[in-house]
Amino acid sequence: MNGRNESVTMEHISIKNICKKYGQGESSVKALDNVSLEIAKGEVCVILGPSGSGKSTLLNMIGGLDRVDSGTITVDGMEITSLNKKQLTDYRREKLGMVFQVYNLIPELNVIENVRVVKDITKEPLDEKELLHVLGLEKHMMHFPSELSGGQQQRCSIARALVKNPALLLCDELTGALDSASARDVLRVLQTINEQYHTTIIMITHDERIAGMADVLVRIKDGRIVECTSKEKLKVEELGI
């Protein structure tokens with residue numbers, strides 16, 4: 001399967017001094033407090049933090065789903081914090097794949113139809129049948145979401161995000177609702193995608209074991225980055241999941 005042209009400009013995410021506050025006055029909460037982060041093309045970045053630490057807010061900012069109060073986010077040379085609503089929609093369609101803990105599959109469509117819904121609005125999509133083969137879903141292409149296990153539904157949602165051939169894949173607590181076997185399967189898929197397509201992946205999680213997959217490990221607490229470490233990543237089989 002062919003991914004993006006390797007001669008393109010290096011994908012790079014640059015986050016500089018972003019702040020986000022919710023609420024007003026004494027009841028206001030700083031969700032992000034002067035956060036800065038750099039991620040290079042093809043890296044796997046795992047963001048760890050407890051509930052309420054700001055990790056989901058940070059992912060939503062990178063995904064253009066929420067606005068920063070101050071600071072900048074640049075993705076592949078594009079400052080997304082200055083884009084208008086339509087430009088942000090184009091950015092999400094052309095640059096991003098997003099996968100959430102809630103699968104958001106369309107129950108009336110089978111697996112391949114769920115993937116094609118996104119492929120049909122994409123400029124340079126991957127081949128959906130080949131992608132489903134890579135994800136171990138080739139025997140389930142005609143099955144409906146209700147006929148799939150949780151792990152299979154998660155892999156279908158990953159296929160739907162990846163069929164766009166995105167430069168950047170954002171993952172929100174992918175394994176939180178999965179048993180250990182399904183979690184390993186999903187993480188192996190992400191490992192394969194990163195190795196095969198050099199897709200930049202940002203994962204947020206509360207599971208310390210997943211930190212082993214990271215090229216860049218970020219810990220966030222009370223809206224601030226308290227650790228940012230470059231490391232040698234492990235294979236899924238070495239994570240102890």
# chains A, B, ... in the order shown; residues from 1 in each chain; ligands from 1
$ residues_around --residues "region 76-93 of chain A" --least-positions-apart "4" --cutoff "10 Å" --atoms "only C-alpha atoms" --output "JSON, numbers by chain"
{"A": [9, 10, 11, 12, 13, 14, 15, 18, 40, 41, 61, 62, 63, 64, 65, 66, 67, 68, 69, 70, 71, 72, 97, 98, 118, 121, 122, 123, 161, 164, 166, 167, 168]}
$ residues_around --residues "Ile106 (chain A)" --least-positions-apart "2" --cutoff "10 Å" --atoms "only C-alpha atoms" --output "ChimeraX atom specification"
/A:103-104,108-111,113-115,117,144-145
$ residues_around --residues "Glu232 (chain A)" --least-positions-apart "3" --cutoff "9 Å" --atoms "only C-alpha atoms" --output "VMD selection string"
chain A and resid 212 to 216
$ write_last_selection --atoms "N, CA and C atoms" --output "PDB file, in the first residue's frame"
ATOM      1  N   GLY A 212       5.351   3.380  26.886  1.00  0.00           N
ATOM      2  CA  GLY A 212       6.466   2.696  26.247  1.00  0.00           C
ATOM      3  C   GLY A 212       6.464   2.811  24.738  1.00  0.00           C
ATOM      4  N   MET A 213       5.307   3.066  24.119  1.00  0.00           N
ATOM      5  CA  MET A 213       5.209   3.178  22.661  1.00  0.00           C
ATOM      6  C   MET A 213       5.749   4.493  22.117  1.00  0.00           C
ATOM      7  N   ALA A 214       6.008   5.438  23.015  1.00  0.00           N
ATOM      8  CA  ALA A 214       6.255   6.819  22.593  1.00  0.00           C
ATOM      9  C   ALA A 214       7.687   7.062  22.140  1.00  0.00           C
ATOM     10  N   ASP A 215       7.820   7.897  21.092  1.00  0.00           N
ATOM     11  CA  ASP A 215       9.091   8.572  20.804  1.00  0.00           C
ATOM     12  C   ASP A 215       9.238   9.776  21.726  1.00  0.00           C
ATOM     13  N   VAL A 216       8.090  10.418  21.983  1.00  0.00           N
ATOM     14  CA  VAL A 216       8.044  11.589  22.869  1.00  0.00           C
ATOM     15  C   VAL A 216       6.982  11.342  23.930  1.00  0.00           C
TER      16      VAL A 216
END
$ closest_atom_pairs --of "region 60-177 of chain A" --to "region 192-195 of chain A" --cutoff "12 Å" --atoms "only C-alpha atoms" --output "tab-separated table"
residue	atom	partner	partner_atom	distance
A:Leu131	CA	A:Ile193	CA	9.8
A:Leu132	CA	A:Ile193	CA	12.0
A:Val134	CA	A:Thr192	CA	8.4
A:Leu135	CA	A:Thr192	CA	9.0
A:Gly136	CA	A:Thr192	CA	11.7
A:Arg155	CA	A:Ile193	CA	11.8
A:Ile158	CA	A:Ile193	CA	10.0
A:Ala159	CA	A:Ile193	CA	10.2
A:Ala161	CA	A:Ile193	CA	11.5
A:Leu162	CA	A:Ile193	CA	8.7
A:Val163	CA	A:Ile193	CA	11.4
A:Asn165	CA	A:Ile193	CA	10.4
A:Pro166	CA	A:Ile193	CA	10.9
A:Ala167	CA	A:Asn194	CA	10.5
A:Leu168	CA	A:Asn194	CA	10.1
A:Leu169	CA	A:Asn194	CA	9.5
$ atom_distance --atom1 "CA of Glu237 (chain A)" --atom2 "CA of Leu59 (chain A)"
26.5 Å
$ atom_distance --atom1 "CA of Tyr22 (chain A)" --atom2 "CA of Arg224 (chain A)"
15.2 Å
$ closest_residue --among "A:Arg209, A:Lys233, A:Lys119, A:Lys21" --to "Ser180 (chain A)" --atoms "only C-alpha atoms"
A:Arg209
$ atom_distance --atom1 "CA of Ile202 (chain A)" --atom2 "CA of Leu170 (chain A)"
5.0 Å
$ residues_around --residues "Thr205 (chain A)" --least-positions-apart "3" --cutoff "8 Å" --atoms "only C-alpha atoms" --output "list in words"
Val46, Ile47, Leu48, Gly49, Asp172, Glu173, Leu174, Gly176, Glu208 and Ile210 of chain A
$ select_by_dssp --residues "region 59-144 of chain A" --states "alpha helix (DSSP H)" --output "number ranges by chain"
A: 59-62, 85-95, 111-119, 128-134
$ decode --residues "region 157-168 of chain A" --atoms "all heavy atoms" --output "PDB file, in the first residue's frame"
ATOM      1  N   SER A 157     -13.104   2.220  13.366  1.00  0.00           N
ATOM      2  CA  SER A 157     -13.019   3.678  13.517  1.00  0.00           C
ATOM      3  C   SER A 157     -11.627   4.175  13.139  1.00  0.00           C
ATOM      4  O   SER A 157     -11.477   5.276  12.585  1.00  0.00           O
ATOM      5  CB  SER A 157     -13.387   4.098  14.939  1.00  0.00           C
ATOM      6  OG  SER A 157     -12.407   3.714  15.880  1.00  0.00           O
ATOM      7  N   ILE A 158     -10.600   3.367  13.410  1.00  0.00           N
ATOM      8  CA  ILE A 158      -9.243   3.728  12.996  1.00  0.00           C
ATOM      9  C   ILE A 158      -9.137   3.703  11.471  1.00  0.00           C
ATOM     10  O   ILE A 158      -8.547   4.595  10.865  1.00  0.00           O
ATOM     11  CB  ILE A 158      -8.211   2.780  13.639  1.00  0.00           C
ATOM     12  CG1 ILE A 158      -8.150   3.004  15.151  1.00  0.00           C
ATOM     13  CG2 ILE A 158      -6.819   2.998  13.035  1.00  0.00           C
ATOM     14  CD1 ILE A 158      -7.325   1.975  15.896  1.00  0.00           C
ATOM     15  N   ALA A 159      -9.722   2.687  10.843  1.00  0.00           N
ATOM     16  CA  ALA A 159      -9.717   2.606   9.375  1.00  0.00           C
ATOM     17  C   ALA A 159     -10.392   3.822   8.760  1.00  0.00           C
ATOM     18  O   ALA A 159      -9.913   4.390   7.768  1.00  0.00           O
ATOM     19  CB  ALA A 159     -10.423   1.328   8.916  1.00  0.00           C
ATOM     20  N   ARG A 160     -11.496   4.237   9.354  1.00  0.00           N
ATOM     21  CA  ARG A 160     -12.219   5.409   8.849  1.00  0.00           C
ATOM     22  C   ARG A 160     -11.362   6.667   8.953  1.00  0.00           C
ATOM     23  O   ARG A 160     -11.378   7.525   8.057  1.00  0.00           O
ATOM     24  CB  ARG A 160     -13.516   5.577   9.632  1.00  0.00           C
ATOM     25  CG  ARG A 160     -14.427   6.668   9.114  1.00  0.00           C
ATOM     26  CD  ARG A 160     -15.691   6.737   9.920  1.00  0.00           C
ATOM     27  NE  ARG A 160     -15.408   6.912  11.350  1.00  0.00           N
ATOM     28  CZ  ARG A 160     -16.325   6.848  12.296  1.00  0.00           C
ATOM     29  NH1 ARG A 160     -17.579   6.591  11.999  1.00  0.00           N
ATOM     30  NH2 ARG A 160     -15.993   7.029  13.570  1.00  0.00           N
ATOM     31  N   ALA A 161     -10.594   6.774  10.043  1.00  0.00           N
ATOM     32  CA  ALA A 161      -9.708   7.935  10.193  1.00  0.00           C
ATOM     33  C   ALA A 161      -8.533   7.869   9.231  1.00  0.00           C
ATOM     34  O   ALA A 161      -8.092   8.894   8.701  1.00  0.00           O
ATOM     35  CB  ALA A 161      -9.201   8.013  11.630  1.00  0.00           C
ATOM     36  N   LEU A 162      -8.023   6.671   8.983  1.00  0.00           N
ATOM     37  CA  LEU A 162      -6.811   6.517   8.178  1.00  0.00           C
ATOM     38  C   LEU A 162      -7.060   6.508   6.680  1.00  0.00           C
ATOM     39  O   LEU A 162      -6.129   6.753   5.909  1.00  0.00           O
ATOM     40  CB  LEU A 162      -6.086   5.224   8.571  1.00  0.00           C
ATOM     41  CG  LEU A 162      -5.412   5.220   9.936  1.00  0.00           C
ATOM     42  CD1 LEU A 162      -4.907   3.829  10.256  1.00  0.00           C
ATOM     43  CD2 LEU A 162      -4.264   6.224   9.966  1.00  0.00           C
ATOM     44  N   VAL A 163      -8.286   6.207   6.250  1.00  0.00           N
ATOM     45  CA  VAL A 163      -8.539   6.133   4.815  1.00  0.00           C
ATOM     46  C   VAL A 163      -8.287   7.481   4.142  1.00  0.00           C
ATOM     47  O   VAL A 163      -8.005   7.558   2.940  1.00  0.00           O
ATOM     48  CB  VAL A 163      -9.981   5.632   4.539  1.00  0.00           C
ATOM     49  CG1 VAL A 163     -11.020   6.732   4.780  1.00  0.00           C
ATOM     50  CG2 VAL A 163     -10.092   5.056   3.127  1.00  0.00           C
ATOM     51  N   LYS A 164      -8.320   8.564   4.934  1.00  0.00           N
ATOM     52  CA  LYS A 164      -8.024   9.897   4.400  1.00  0.00           C
ATOM     53  C   LYS A 164      -6.545  10.080   4.095  1.00  0.00           C
ATOM     54  O   LYS A 164      -6.148  11.095   3.536  1.00  0.00           O
ATOM     55  CB  LYS A 164      -8.449  10.975   5.401  1.00  0.00           C
ATOM     56  CG  LYS A 164      -9.923  11.014   5.679  1.00  0.00           C
ATOM     57  CD  LYS A 164     -10.321  12.307   6.387  1.00  0.00           C
ATOM     58  CE  LYS A 164      -9.692  12.469   7.738  1.00  0.00           C
ATOM     59  NZ  LYS A 164     -10.124  13.715   8.400  1.00  0.00           N
ATOM     60  N   ASN A 165      -5.712   9.103   4.517  1.00  0.00           N
ATOM     61  CA  ASN A 165      -4.259   9.232   4.354  1.00  0.00           C
ATOM     62  C   ASN A 165      -3.757  10.481   5.073  1.00  0.00           C
ATOM     63  O   ASN A 165      -3.048  11.318   4.499  1.00  0.00           O
ATOM     64  CB  ASN A 165      -3.902   9.285   2.865  1.00  0.00           C
ATOM     65  CG  ASN A 165      -2.427   9.050   2.612  1.00  0.00           C
ATOM     66  OD1 ASN A 165      -1.706   8.519   3.458  1.00  0.00           O
ATOM     67  ND2 ASN A 165      -1.967   9.445   1.445  1.00  0.00           N
ATOM     68  N   PRO A 166      -4.110  10.622   6.367  1.00  0.00           N
ATOM     69  CA  PRO A 166      -3.778  11.862   7.078  1.00  0.00           C
ATOM     70  C   PRO A 166      -2.313  11.938   7.450  1.00  0.00           C
ATOM     71  O   PRO A 166      -1.651  10.915   7.688  1.00  0.00           O
ATOM     72  CB  PRO A 166      -4.645  11.778   8.336  1.00  0.00           C
ATOM     73  CG  PRO A 166      -4.729  10.310   8.610  1.00  0.00           C
ATOM     74  CD  PRO A 166      -4.799   9.658   7.245  1.00  0.00           C
ATOM     75  N   ALA A 167      -1.802  13.144   7.539  1.00  0.00           N
ATOM     76  CA  ALA A 167      -0.440  13.347   8.018  1.00  0.00           C
ATOM     77  C   ALA A 167      -0.368  13.177   9.530  1.00  0.00           C
ATOM     78  O   ALA A 167       0.684  12.852  10.081  1.00  0.00           O
ATOM     79  CB  ALA A 167       0.044  14.749   7.640  1.00  0.00           C
ATOM     80  N   LEU A 168      -1.496  13.382  10.204  1.00  0.00           N
ATOM     81  CA  LEU A 168      -1.526  13.399  11.659  1.00  0.00           C
ATOM     82  C   LEU A 168      -2.737  12.621  12.166  1.00  0.00           C
ATOM     83  O   LEU A 168      -3.860  12.850  11.709  1.00  0.00           O
ATOM     84  CB  LEU A 168      -1.597  14.846  12.158  1.00  0.00           C
ATOM     85  CG  LEU A 168      -1.767  15.098  13.654  1.00  0.00           C
ATOM     86  CD1 LEU A 168      -0.625  14.501  14.447  1.00  0.00           C
ATOM     87  CD2 LEU A 168      -1.881  16.606  13.911  1.00  0.00           C
TER      88      LEU A 168
END
